[in-house]
$ cat query_20.csv   # CSV, C-alpha atoms and all ligand atoms
chain,number,residue,atom,x,y,z
A,1347,MET,CA,-42.9,175.8,386.7
A,1348,ALA,CA,-39.3,175.3,387.7
A,1349,GLU,CA,-40.1,176.5,391.2
A,1350,LYS,CA,-43.0,174.0,391.4
A,1351,SER,CA,-41.0,171.0,390.4
A,1352,SER,CA,-38.1,171.8,392.7
A,1353,PHE,CA,-40.6,172.1,395.5
A,1354,PHE,CA,-41.8,168.5,394.7
A,1355,GLU,CA,-38.3,167.2,394.5
A,1356,SER,CA,-37.1,168.8,397.7
A,1357,SER,CA,-36.2,166.3,400.4
A,1358,LEU,CA,-38.6,168.0,402.7
A,1359,VAL,CA,-41.6,166.9,400.5
A,1360,GLN,CA,-40.1,163.6,399.3
A,1361,ASP,CA,-39.3,162.5,402.9
A,1362,PHE,CA,-42.8,163.3,404.0
A,1363,ASN,CA,-44.3,161.4,401.1
A,1364,LYS,CA,-42.2,158.4,401.9
A,1365,ASP,CA,-43.0,158.7,405.7
A,1366,ILE,CA,-46.7,158.6,405.3
A,1367,GLU,CA,-46.6,155.6,403.0
A,1368,GLN,CA,-45.9,153.3,405.9
A,1369,TYR,CA,-49.3,154.3,407.4
A,1370,HIS,CA,-51.1,153.5,404.2
A,1371,LEU,CA,-51.5,157.2,403.5
A,1372,GLY,CA,-50.7,159.2,400.3
A,1373,PRO,CA,-50.1,162.8,399.3
A,1374,LEU,CA,-52.6,164.3,396.9
A,1375,TRP,CA,-50.1,166.9,395.8
A,1376,ASN,CA,-48.0,164.2,394.3
A,1377,ALA,CA,-50.8,162.3,392.7
A,1378,ILE,CA,-53.2,164.8,391.3
A,1379,PRO,CA,-51.4,165.7,388.0
A,1380,ASP,CA,-51.5,162.0,387.0
A,1381,LEU,CA,-54.8,161.1,388.5
A,1382,MET,CA,-56.7,164.1,387.0
A,1383,LYS,CA,-55.3,164.7,383.5
A,1384,HIS,CA,-56.6,167.7,381.6
A,1385,THR,CA,-58.0,165.4,378.9
A,1386,PRO,CA,-58.2,161.6,378.8
A,1387,GLU,CA,-54.8,159.8,378.6
A,1388,PRO,CA,-55.8,156.1,378.8
A,1389,HIS,CA,-53.3,153.4,379.7
A,1390,ALA,CA,-55.0,151.3,377.0
A,1391,GLN,CA,-53.2,151.5,373.7
A,1392,ALA,CA,-54.3,151.4,370.1
A,1393,TYR,CA,-53.5,147.8,368.9
A,1394,LEU,CA,-54.4,145.3,366.2
A,1395,TRP,CA,-54.5,141.5,366.2
A,1396,LYS,CA,-54.4,139.7,362.9
A,1397,TYR,CA,-57.0,137.0,362.3
A,1398,ASP,CA,-54.3,134.4,361.3
A,1399,LEU,CA,-52.8,134.7,364.8
A,1400,LEU,CA,-56.1,134.3,366.6
A,1401,HIS,CA,-57.1,131.4,364.4
A,1402,LYS,CA,-53.8,129.6,364.9
A,1403,LYS,CA,-53.9,130.0,368.7
A,1404,LEU,CA,-57.5,128.8,368.8
A,1405,MET,CA,-56.6,125.7,366.8
A,1406,GLU,CA,-53.6,125.0,369.1
A,1407,ALA,CA,-55.9,125.4,372.1
A,1408,THR,CA,-58.1,122.6,370.7
A,1409,GLU,CA,-55.1,120.3,371.4
A,1410,ILE,CA,-54.6,121.3,375.0
A,1411,PHE,CA,-58.0,122.4,376.3
A,1412,THR,CA,-61.5,120.9,376.0
A,1413,PRO,CA,-64.6,122.1,377.8
A,1414,ASP,CA,-64.9,118.6,379.2
A,1415,ARG,CA,-61.4,118.7,380.7
A,1416,GLY,CA,-61.5,122.3,382.0
A,1417,GLY,CA,-65.3,122.7,382.6
A,1418,GLU,CA,-65.1,126.1,380.8
A,1419,ARG,CA,-65.1,127.8,377.5
A,1420,ARG,CA,-62.3,127.7,375.0
A,1421,ALA,CA,-61.9,131.4,374.7
A,1422,ILE,CA,-58.7,133.4,374.2
A,1423,TYR,CA,-59.0,137.1,375.2
A,1424,LEU,CA,-57.4,140.1,373.6
A,1425,GLN,CA,-55.1,141.7,376.2
A,1426,ASN,CA,-54.4,145.3,375.7
A,1427,PRO,CA,-50.5,145.7,375.8
A,1428,GLY,CA,-50.9,149.0,377.7
A,1429,LEU,CA,-52.6,147.3,380.6
A,1430,ASN,CA,-51.3,144.8,383.0
A,1431,TYR,CA,-51.6,141.2,381.8
A,1432,ARG,CA,-51.7,139.9,385.4
A,1433,LYS,CA,-54.0,140.8,388.3
A,1434,PRO,CA,-55.3,143.0,389.6
A,1435,TRP,CA,-56.0,146.0,387.3
A,1436,GLY,CA,-55.9,145.7,383.6
A,1437,TRP,CA,-56.3,141.9,383.7
A,1438,ALA,CA,-58.3,140.5,380.7
A,1439,SER,CA,-58.9,144.1,379.5
A,1440,THR,CA,-59.1,144.9,375.8
A,1441,THR,CA,-60.0,148.4,376.6
A,1442,GLN,CA,-60.1,149.8,380.2
A,1443,THR,CA,-63.7,148.8,380.6
A,1444,LEU,CA,-64.3,145.9,378.2
A,1445,TYR,CA,-63.0,142.4,377.5
A,1446,ALA,CA,-63.1,140.8,374.1
A,1447,ALA,CA,-62.2,137.2,373.2
A,1448,VAL,CA,-62.5,134.7,370.4
A,1449,GLN,CA,-64.1,131.4,371.3
A,1450,LEU,CA,-64.0,128.1,369.4
A,1451,ILE,CA,-66.3,125.2,369.8
A,1452,LEU,CA,-65.8,121.9,368.1
A,1453,PRO,CA,-68.6,119.6,366.9
A,1454,GLY,CA,-69.9,117.5,369.8
A,1455,GLU,CA,-68.6,119.8,372.5
A,1456,GLU,CA,-70.6,121.4,375.2
A,1457,ALA,CA,-69.8,124.5,377.2
A,1458,PRO,CA,-71.6,124.2,380.5
A,1459,SER,CA,-74.4,126.7,381.4
A,1460,HIS,CA,-73.7,129.4,384.0
A,1461,ARG,CA,-74.9,132.8,384.8
A,1462,HIS,CA,-73.0,135.9,386.0
A,1463,VAL,CA,-73.6,139.6,386.5
A,1464,GLN,CA,-71.2,140.5,383.6
A,1465,ASN,CA,-73.1,141.5,380.5
A,1466,ALA,CA,-72.1,139.5,377.4
A,1467,LEU,CA,-72.6,139.6,373.7
A,1468,ARG,CA,-71.4,137.5,370.8
A,1469,PHE,CA,-70.8,138.0,367.2
A,1470,VAL,CA,-70.4,135.0,364.9
A,1471,MET,CA,-67.3,134.9,362.8
A,1472,GLU,CA,-67.1,131.4,361.3
A,1473,GLY,CA,-69.1,128.2,360.9
A,1474,GLU,CA,-72.7,127.2,361.7
A,1475,GLY,CA,-74.6,124.6,363.6
A,1476,ALA,CA,-73.7,125.5,367.2
A,1477,TYR,CA,-76.2,127.1,369.5
A,1478,SER,CA,-76.2,129.2,372.7
A,1479,ILE,CA,-78.9,128.1,375.1
A,1480,VAL,CA,-80.1,131.2,376.9
A,1481,GLN,CA,-82.8,130.8,379.5
A,1482,GLY,CA,-84.0,127.6,378.0
A,1483,GLU,CA,-84.0,128.8,374.4
A,1484,ARG,CA,-81.5,127.3,371.9
A,1485,LEU,CA,-80.3,130.1,369.6
A,1486,PHE,CA,-78.7,128.5,366.5
A,1487,MET,CA,-75.9,130.7,365.1
A,1488,GLU,CA,-74.7,131.6,361.7
A,1489,ARG,CA,-71.9,133.9,360.5
A,1490,GLY,CA,-72.8,137.5,361.0
A,1491,ASP,CA,-75.4,136.9,363.8
A,1492,PHE,CA,-75.3,139.0,366.9
A,1493,LEU,CA,-76.4,137.6,370.3
A,1494,THR,CA,-76.8,139.2,373.6
A,1495,THR,CA,-76.8,137.7,377.1
A,1496,PRO,CA,-77.3,140.5,379.6
A,1497,ASN,CA,-76.6,140.3,383.4
A,1498,GLY,CA,-77.9,137.3,385.1
A,1499,LEU,CA,-79.2,135.1,382.3
A,1500,TRP,CA,-78.3,131.4,382.2
A,1501,HIS,CA,-76.3,130.6,379.1
A,1502,GLY,CA,-74.3,127.6,377.8
A,1503,HIS,CA,-73.2,126.4,374.3
A,1504,GLY,CA,-73.6,123.2,372.4
A,1505,HIS,CA,-72.5,122.1,368.9
A,1506,PRO,CA,-74.4,119.4,367.1
A,1507,GLY,CA,-73.0,120.5,363.7
A,1508,ASP,CA,-70.0,119.2,361.9
A,1509,LYS,CA,-67.5,122.1,361.5
A,1510,PRO,CA,-65.6,124.2,364.1
A,1511,MET,CA,-67.4,127.3,365.0
A,1512,ILE,CA,-65.7,130.6,366.1
A,1513,TRP,CA,-67.3,133.7,367.5
A,1514,MET,CA,-66.3,136.9,369.3
A,1515,ASP,CA,-67.3,137.4,372.9
A,1516,CYS,CA,-67.4,140.9,374.5
A,1517,LEU,CA,-68.2,141.4,378.1
A,1518,ASP,CA,-67.9,144.2,380.7
A,1519,ILE,CA,-65.5,142.0,382.8
A,1520,PRO,CA,-63.0,144.8,383.7
A,1521,THR,CA,-65.7,147.2,384.7
A,1522,ILE,CA,-67.4,144.7,387.0
A,1523,TYR,CA,-64.0,143.7,388.4
A,1524,TYR,CA,-63.2,147.3,389.3
A,1525,LEU,CA,-66.7,147.9,390.7
A,1526,GLY,CA,-66.3,144.8,392.9
A,1527,GLY,CA,-69.8,143.6,392.0
A,1528,THR,CA,-69.2,140.1,390.7
A,1529,PHE,CA,-71.5,137.1,391.2
A,1530,PHE,CA,-71.2,133.9,389.3
A,1531,GLU,CA,-73.2,130.7,389.5
A,1532,PRO,CA,-72.7,127.4,387.6
A,1533,TYR,CA,-76.0,125.7,386.4
A,1534,PRO,CA,-77.0,122.8,388.6
A,1535,GLU,CA,-76.6,120.4,385.6
A,1536,LYS,CA,-74.0,120.6,382.8
A,1537,LEU,CA,-76.0,122.2,380.0
A,1538,GLU,CA,-79.5,123.7,380.5
A,1539,LYS,CA,-82.2,121.7,378.8
A,1540,PRO,CA,-84.4,123.5,376.3
A,1541,SER,CA,-87.7,124.7,377.8
A,1542,LEU,CA,-88.7,126.8,374.7
A,1543,PRO,CA,-88.9,126.1,371.0
A,1544,ASP,CA,-85.5,126.5,369.2
A,1545,ASN,CA,-84.9,130.0,367.9
A,1546,TYR,CA,-88.1,131.1,369.7
A,1547,SER,CA,-87.3,134.8,370.1
A,1548,GLN,CA,-85.9,135.0,366.5
A,1549,GLN,CA,-89.2,133.7,365.2
A,1550,ARG,CA,-91.2,136.1,367.3
A,1551,TYR,CA,-89.2,138.9,365.6
A,1552,GLU,CA,-89.2,137.5,362.1
A,1553,GLY,CA,-90.6,140.9,360.8
A,1554,GLY,CA,-87.8,143.1,362.2
A,1555,MET,CA,-89.0,146.4,363.6
A,1556,VAL,CA,-92.3,145.3,365.1
A,1557,ARG,CA,-92.6,143.8,368.5
A,1558,PRO,CA,-95.1,141.3,370.0
A,1559,ILE,CA,-97.4,143.4,372.2
A,1560,GLY,CA,-96.2,141.7,375.4
A,1561,ASP,CA,-92.7,143.1,374.8
A,1562,ARG,CA,-93.8,146.7,375.4
A,1563,TYR,CA,-92.9,145.9,379.0
A,1564,GLU,CA,-89.2,145.9,379.5
A,1565,LYS,CA,-87.4,142.6,379.3
A,1566,LYS,CA,-83.6,141.9,379.5
A,1567,ALA,CA,-83.3,140.2,376.1
A,1568,PRO,CA,-86.6,139.7,374.3
A,1569,LEU,CA,-84.6,139.0,371.1
A,1570,GLY,CA,-81.6,136.8,371.7
A,1571,ASN,CA,-80.2,136.4,368.2
A,1572,PHE,CA,-80.2,139.3,365.7
A,1573,LYS,CA,-79.8,137.5,362.4
A,1574,TRP,CA,-77.4,138.7,359.8
A,1575,LYS,CA,-80.0,138.9,357.1
A,1576,HIS,CA,-81.9,141.7,359.1
A,1577,THR,CA,-78.7,143.7,359.8
A,1578,GLU,CA,-77.6,143.4,356.2
A,1579,ALA,CA,-81.0,144.5,354.9
A,1580,ALA,CA,-81.0,147.5,357.3
A,1581,LEU,CA,-77.6,148.6,356.0
A,1582,GLN,CA,-78.7,148.1,352.4
A,1583,GLY,CA,-81.6,150.5,352.9
A,1584,LEU,CA,-79.4,153.0,354.8
A,1585,SER,CA,-76.7,153.0,352.2
A,1586,ARG,CA,-78.9,154.5,349.6
A,1587,PHE,CA,-78.5,157.8,351.4
A,1588,GLU,CA,-75.7,160.0,352.8
A,1589,PRO,CA,-73.3,158.2,355.2
A,1590,ASP,CA,-72.4,159.4,358.6
A,1591,PRO,CA,-69.2,161.3,358.1
A,1592,PHE,CA,-67.4,159.5,360.9
A,1593,ASP,CA,-68.9,156.0,360.9
A,1594,GLY,CA,-70.2,155.4,357.4
A,1595,TYR,CA,-73.5,153.5,357.3
A,1596,ALA,CA,-74.0,152.3,360.8
A,1597,VAL,CA,-76.7,150.7,362.9
A,1598,GLU,CA,-76.9,149.8,366.5
A,1599,TYR,CA,-78.4,146.6,367.9
A,1600,ILE,CA,-81.2,147.5,370.3
A,1601,ASN,CA,-83.4,145.8,372.9
A,1602,PRO,CA,-86.9,146.0,371.2
A,1603,SER,CA,-88.7,146.3,374.6
A,1604,ASN,CA,-87.0,149.5,375.6
A,1605,GLY,CA,-85.1,150.9,372.5
A,1606,LYS,CA,-81.8,151.0,374.4
A,1607,THR,CA,-78.6,149.1,373.5
A,1608,ALA,CA,-79.2,145.4,373.3
A,1609,CYS,CA,-76.6,144.8,375.9
A,1610,PRO,CA,-77.1,147.3,378.8
A,1611,THR,CA,-73.4,148.3,379.3
A,1612,ILE,CA,-71.9,147.6,375.8
A,1613,ALA,CA,-73.0,149.3,372.6
A,1614,ALA,CA,-72.7,147.1,369.5
A,1615,TRP,CA,-72.8,148.5,366.0
A,1616,MET,CA,-72.5,147.2,362.5
A,1617,GLN,CA,-70.9,149.7,360.1
A,1618,LYS,CA,-70.8,149.4,356.3
A,1619,LEU,CA,-68.0,151.3,354.6
A,1620,PRO,CA,-68.2,151.2,350.8
A,1621,LYS,CA,-65.0,150.9,348.9
A,1622,GLY,CA,-63.3,154.3,348.6
A,1623,PHE,CA,-65.1,155.7,351.7
A,1624,HIS,CA,-62.8,157.9,353.8
A,1625,SER,CA,-64.3,159.1,357.1
A,1626,GLN,CA,-63.6,162.4,358.8
A,1627,ALA,CA,-61.4,162.2,361.9
A,1628,HIS,CA,-62.9,162.6,365.3
A,1629,ARG,CA,-62.3,161.6,368.9
A,1630,HIS,CA,-64.6,160.8,371.8
A,1631,THR,CA,-64.4,159.7,375.4
A,1632,HIS,CA,-65.6,156.2,374.9
A,1633,ALA,CA,-63.3,153.4,373.6
A,1634,SER,CA,-64.1,151.0,370.9
A,1635,ILE,CA,-63.2,147.5,369.8
A,1636,TYR,CA,-63.5,146.7,366.1
A,1637,HIS,CA,-63.8,143.4,364.3
A,1638,VAL,CA,-63.5,143.3,360.5
A,1639,HIS,CA,-66.5,141.2,359.4
A,1640,GLU,CA,-65.8,141.7,355.7
A,1641,GLY,CA,-63.5,143.7,353.5
A,1642,ALA,CA,-60.2,145.5,353.9
A,1643,GLY,CA,-58.9,149.0,354.6
A,1644,TYR,CA,-57.1,150.9,357.3
A,1645,THR,CA,-57.8,153.1,360.3
A,1646,ILE,CA,-55.5,156.0,361.3
A,1647,ILE,CA,-55.4,156.3,365.1
A,1648,ASN,CA,-53.5,159.2,366.5
A,1649,GLY,CA,-51.4,159.5,363.3
A,1650,VAL,CA,-50.6,155.7,363.1
A,1651,ARG,CA,-51.9,153.7,360.2
A,1652,PHE,CA,-53.5,150.3,361.2
A,1653,ASP,CA,-54.1,148.1,358.1
A,1654,TRP,CA,-56.9,145.6,358.5
A,1655,GLU,CA,-58.6,142.8,356.6
A,1656,LYS,CA,-61.3,140.3,357.2
A,1657,GLY,CA,-61.2,138.7,360.7
A,1658,ASP,CA,-58.8,141.2,362.3
A,1659,TYR,CA,-59.5,143.0,365.6
A,1660,PHE,CA,-58.3,146.5,366.6
A,1661,VAL,CA,-58.8,148.9,369.5
A,1662,VAL,CA,-59.4,152.6,369.4
A,1663,PRO,CA,-58.7,153.9,373.0
A,1664,ASN,CA,-60.5,156.7,374.7
A,1665,TRP,CA,-60.0,160.2,373.2
A,1666,ALA,CA,-57.9,158.9,370.3
A,1667,TRP,CA,-58.2,160.7,366.9
A,1668,HIS,CA,-59.4,158.1,364.4
A,1669,GLU,CA,-60.6,157.9,360.8
A,1670,HIS,CA,-61.4,154.9,358.6
A,1671,VAL,CA,-60.6,154.2,355.0
A,1672,ALA,CA,-62.2,151.3,353.1
A,1673,GLU,CA,-60.1,149.8,350.3
A,1674,LYS,CA,-62.7,147.1,349.6
A,1675,ASP,CA,-66.4,147.2,350.6
A,1676,ALA,CA,-66.2,146.6,354.3
A,1677,TYR,CA,-68.3,145.7,357.3
A,1678,LEU,CA,-66.9,146.6,360.7
A,1679,PHE,CA,-68.5,145.2,363.8
A,1680,GLN,CA,-67.9,147.6,366.7
A,1681,THR,CA,-68.4,147.3,370.4
A,1682,ASN,CA,-67.9,150.2,372.8
A,1683,ASP,CA,-68.4,151.4,376.3
A,1684,LEU,CA,-70.5,154.5,375.4
A,1685,PRO,CA,-73.4,153.3,377.7
A,1686,ILE,CA,-71.0,153.1,380.6
A,1687,LEU,CA,-69.5,156.6,379.9
A,1688,GLU,CA,-73.0,158.0,379.4
A,1689,LYS,CA,-74.2,156.6,382.8
A,1690,PHE,CA,-71.4,158.7,384.4
A,1691,GLY,CA,-72.1,161.8,382.2
A,1692,LEU,CA,-68.6,161.5,380.7
A,1693,GLU,CA,-69.1,161.3,377.0
A,1694,ARG,CA,-67.6,164.2,375.0
A,1695,LYS,CA,-66.6,164.3,371.4
A,1696,GLN,CA,-64.6,166.5,369.1
A,1697,GLU,CA,-64.2,166.7,365.3
A,1698,LEU,CA,-60.7,167.3,363.8
A,1699,ASP,CA,-60.8,170.9,362.6
A,1700,MET,CA,-57.8,171.1,360.3
A,1701,ASN,CA,-56.5,169.5,357.1
A,1702,ASN,CA,-60.0,168.8,355.9
A,1703,GLY,CA,-60.7,166.7,358.9
A,1704,HIS,CA,-57.9,164.2,358.1
A,1705,GLN,CA,-54.8,163.3,360.2
A,1706,GLU,CA,-51.3,163.2,358.9
A,1707,VAL,CA,-50.0,159.6,358.8
A,1708,LYS,CA,-46.7,159.5,360.8
A,1709,SER,CA,-46.1,155.8,361.0
A,1710,GLU,CA,-47.6,152.4,360.3
A,1711,PHE,CA,-48.4,149.8,362.9
A,1712,LYS,CA,-46.6,146.5,362.5
A,1713,PRO,CA,-48.8,143.7,363.7
A,1714,VAL,CA,-47.6,140.3,364.9
A,1715,ILE,CA,-47.7,138.0,361.9
A,1716,VAL,CA,-47.7,134.2,362.2
B,1801,LIG,O1,-69.3,132.0,376.5
B,1801,LIG,O2,-70.4,132.3,378.3
B,1801,LIG,O3,-65.3,134.8,376.7
B,1801,LIG,O4,-69.1,133.5,380.3
B,1801,LIG,C1,-66.2,134.9,378.9
B,1801,LIG,C2,-67.1,134.6,379.8
B,1801,LIG,C3,-67.3,133.7,377.2
B,1801,LIG,C4,-69.4,132.5,377.6
B,1801,LIG,C5,-66.3,134.5,377.6
B,1801,LIG,C6,-68.2,133.8,379.4
B,1801,LIG,C7,-68.3,133.4,378.1

$ encode --input "query_20.csv" --output "structure tokens"
Amino acid sequence: MAEKSSFFESSLVQDFNKDIEQYHLGPLWNAIPDLMKHTPEPHAQAYLWKYDLLHKKLMEATEIFTPDRGGERRAIYLQNPGLNYRKPWGWASTTQTLYAAVQLILPGEEAPSHRHVQNALRFVMEGEGAYSIVQGERLFMERGDFLTTPNGLWHGHGHPGDKPMIWMDCLDIPTIYYLGGTFFEPYPEKLEKPSLPDNYSQQRYEGGMVRPIGDRYEKKAPLGNFKWKHTEAALQGLSRFEPDPFDGYAVEYINPSNGKTACPTIAAWMQKLPKGFHSQAHRHTHASIYHVHEGAGYTIINGVRFDWEKGDYFVVPNWAWHEHVAEKDAYLFQTNDLPILEKFGLERKQELDMNNGHQEVKSEFKPVIV
């Protein structure tokens, strides 16, 4: 080893490395150990944002930014501290592949319709009465609803109700940015006009797991809004039996026309962890963003304890050991990049095979408190 490193440090090698730089060339021998780690060592870090901070900053943003003024959405994204805040790489990245944000819309506001190749999903945190209009259908939102807007669909938001509304956005923005494939188009008018009955797709799927016969042919988003009452009922039924040892009682939102994840590149799950549940530790290649829909508990990530409660967000980076403990009955909404990793044949997982499948807690994460 010593011989190897003195070779790399020799002036012969270092001078050459420097010399070729001016020609926009680079030496593989210098780069390969960092470029091709033996196992994943993401730059993204485990991190946690408290709801009070997010709420406060969204309220402050109402004073300085309106969709009318800026022509855009009032969304504040969760920037992973291990990734660059500024362009180019790592910008707007909550994990290395996914962007997550909180968005606030006030009564009377309209966020103009647009479409882009980035796949988007929403999870409703607070309020009611606002809608997303997706391809001419107004989808009225309530707390706990999950909405999906895959690649290329027109979408905008309006709020005829009377209370501020807050939801989570998750998009594959960093992935599309790296791939260089972005296209974006504003709608010719401000907000698309309804061309379908309100909550049309939700009504077509009133029964849950049966689909209108036309939907056996693949569509991007045959169901636009997955209502909380269906998700809750599914978890209620599931929770009469044995939980998954790693994720508790968990369901995935799917596209009823093809059985795949509702949003093509981003998996979205709702997990129910009953009070006292302590999951087994494992790690996997994909990275996850969690939002605490309800309850309180903590997650141990690579030996660090992250305490969470209703409204908080946290990130489990790629290949990080993690296990969850519920101190109150909890619902965790999770998004992850498993579909992206699977497309590249990269997904692997490992169970912790010591100490009864539990990590030792070495320290506690101190979140920013406001
Ligand atoms: O509401 O359509 O956070 O297009 C980022 C991009 C929200 C949206 C985001 C978007 C939207």

$ residues_near_ligand --input "query_20.csv" --ligand "ligand LIG 1801 (chain B)" --cutoff "7 Å" --atoms "only C-alpha atoms and all ligand atoms" --output "list in words"
Arg1419, Ala1421, Tyr1423, Ala1446, Ala1447, Val1448, Gln1449, His1501, Gly1502, Asp1515, Cys1516 and Leu1517 of chain A

$ residues_near_point --input "query_20.csv" --point "(-68.0, 146.2, 373.4)" --cutoff "7 Å" --atoms "only C-alpha atoms" --output "list in words"
Leu1444, Cys1516, Leu1517, Ile1612, Ala1613, Ala1614, Ser1634, Ile1635, Gln1680, Thr1681, Asn1682 and Asp1683 of chain A

$ residues_near_point --input "query_20.csv" --point "(-65.1, 162.8, 368.9)" --cutoff "8 Å" --atoms "only C-alpha atoms" --output "PyMOL selection string"
chain A and resi 1627-1631+1665+1667+1694-1697

$ write_last_selection --input "query_20.csv" --atoms "C-alpha atoms" --output "PDB file, in the frame of the given file"
ATOM      1  CA  ALA A1627     -61.400 162.200 361.900  1.00  0.00           C
ATOM      2  CA  HIS A1628     -62.900 162.600 365.300  1.00  0.00           C
ATOM      3  CA  ARG A1629     -62.300 161.600 368.900  1.00  0.00           C
ATOM      4  CA  HIS A1630     -64.600 160.800 371.800  1.00  0.00           C
ATOM      5  CA  THR A1631     -64.400 159.700 375.400  1.00  0.00           C
ATOM      6  CA  TRP A1665     -60.000 160.200 373.200  1.00  0.00           C
ATOM      7  CA  TRP A1667     -58.200 160.700 366.900  1.00  0.00           C
ATOM      8  CA  ARG A1694     -67.600 164.200 375.000  1.00  0.00           C
ATOM      9  CA  LYS A1695     -66.600 164.300 371.400  1.00  0.00           C
ATOM     10  CA  GLN A1696     -64.600 166.500 369.100  1.00  0.00           C
ATOM     11  CA  GLU A1697     -64.200 166.700 365.300  1.00  0.00           C
TER      12      GLU A1697
END

$ atom_distance --input "query_20.csv" --atom1 "atom CA of Gly1703 of chain A" --atom2 "atom CA of Gly1649 of chain A"
12.6 Å

$ atom_distance --input "query_20.csv" --atom1 "atom CA of Tyr1599 of chain A" --atom2 "atom CA of Asp1561 of chain A"
16.3 Å

$ build_atoms --input "query_20.csv" --residues "segment 1511-1516 of chain A" --atoms "all heavy atoms" --output "PDB file, in the frame of the given file"
ATOM      1  N   MET A1511     -66.693 126.047 365.084  1.00  0.00           N
ATOM      2  CA  MET A1511     -67.400 127.300 365.000  1.00  0.00           C
ATOM      3  C   MET A1511     -66.609 128.348 365.886  1.00  0.00           C
ATOM      4  O   MET A1511     -66.138 128.025 366.973  1.00  0.00           O
ATOM      5  CB  MET A1511     -68.771 127.192 365.562  1.00  0.00           C
ATOM      6  CG  MET A1511     -69.732 127.778 364.585  1.00  0.00           C
ATOM      7  SD  MET A1511     -71.394 127.802 365.084  1.00  0.00           S
ATOM      8  CE  MET A1511     -71.700 129.511 364.735  1.00  0.00           C
ATOM      9  N   ILE A1512     -66.481 129.576 365.354  1.00  0.00           N
ATOM     10  CA  ILE A1512     -65.700 130.600 366.100  1.00  0.00           C
ATOM     11  C   ILE A1512     -66.585 131.859 366.170  1.00  0.00           C
ATOM     12  O   ILE A1512     -67.232 132.259 365.196  1.00  0.00           O
ATOM     13  CB  ILE A1512     -64.424 130.975 365.300  1.00  0.00           C
ATOM     14  CG1 ILE A1512     -63.539 129.735 365.142  1.00  0.00           C
ATOM     15  CG2 ILE A1512     -63.659 132.080 366.016  1.00  0.00           C
ATOM     16  CD1 ILE A1512     -62.261 129.976 364.355  1.00  0.00           C
ATOM     17  N   TRP A1513     -66.603 132.440 367.343  1.00  0.00           N
ATOM     18  CA  TRP A1513     -67.300 133.700 367.500  1.00  0.00           C
ATOM     19  C   TRP A1513     -66.511 134.640 368.419  1.00  0.00           C
ATOM     20  O   TRP A1513     -65.569 134.223 369.085  1.00  0.00           O
ATOM     21  CB  TRP A1513     -68.729 133.523 367.987  1.00  0.00           C
ATOM     22  CG  TRP A1513     -68.891 132.908 369.341  1.00  0.00           C
ATOM     23  CD1 TRP A1513     -68.702 133.516 370.547  1.00  0.00           C
ATOM     24  CD2 TRP A1513     -69.318 131.566 369.632  1.00  0.00           C
ATOM     25  NE1 TRP A1513     -68.976 132.649 371.572  1.00  0.00           N
ATOM     26  CE2 TRP A1513     -69.367 131.444 371.044  1.00  0.00           C
ATOM     27  CE3 TRP A1513     -69.674 130.468 368.848  1.00  0.00           C
ATOM     28  CZ2 TRP A1513     -69.750 130.254 371.677  1.00  0.00           C
ATOM     29  CZ3 TRP A1513     -70.043 129.299 369.496  1.00  0.00           C
ATOM     30  CH2 TRP A1513     -70.083 129.193 370.887  1.00  0.00           C
ATOM     31  N   MET A1514     -66.906 135.902 368.408  1.00  0.00           N
ATOM     32  CA  MET A1514     -66.300 136.900 369.300  1.00  0.00           C
ATOM     33  C   MET A1514     -67.222 137.013 370.524  1.00  0.00           C
ATOM     34  O   MET A1514     -68.439 137.023 370.415  1.00  0.00           O
ATOM     35  CB  MET A1514     -66.314 138.258 368.589  1.00  0.00           C
ATOM     36  CG  MET A1514     -65.964 139.424 369.496  1.00  0.00           C
ATOM     37  SD  MET A1514     -66.313 141.006 368.661  1.00  0.00           S
ATOM     38  CE  MET A1514     -65.645 142.161 369.848  1.00  0.00           C
ATOM     39  N   ASP A1515     -66.586 137.106 371.699  1.00  0.00           N
ATOM     40  CA  ASP A1515     -67.300 137.400 372.900  1.00  0.00           C
ATOM     41  C   ASP A1515     -66.892 138.849 373.325  1.00  0.00           C
ATOM     42  O   ASP A1515     -65.719 139.217 373.181  1.00  0.00           O
ATOM     43  CB  ASP A1515     -66.867 136.550 374.096  1.00  0.00           C
ATOM     44  CG  ASP A1515     -67.192 135.086 373.910  1.00  0.00           C
ATOM     45  OD1 ASP A1515     -68.323 134.781 373.518  1.00  0.00           O
ATOM     46  OD2 ASP A1515     -66.298 134.247 374.179  1.00  0.00           O
ATOM     47  N   CYS A1516     -67.811 139.632 373.833  1.00  0.00           N
ATOM     48  CA  CYS A1516     -67.400 140.900 374.500  1.00  0.00           C
ATOM     49  C   CYS A1516     -68.227 141.029 375.750  1.00  0.00           C
ATOM     50  O   CYS A1516     -69.447 140.829 375.746  1.00  0.00           O
ATOM     51  CB  CYS A1516     -67.709 142.072 373.512  1.00  0.00           C
ATOM     52  SG  CYS A1516     -67.136 143.654 374.171  1.00  0.00           S
TER      53      CYS A1516
END
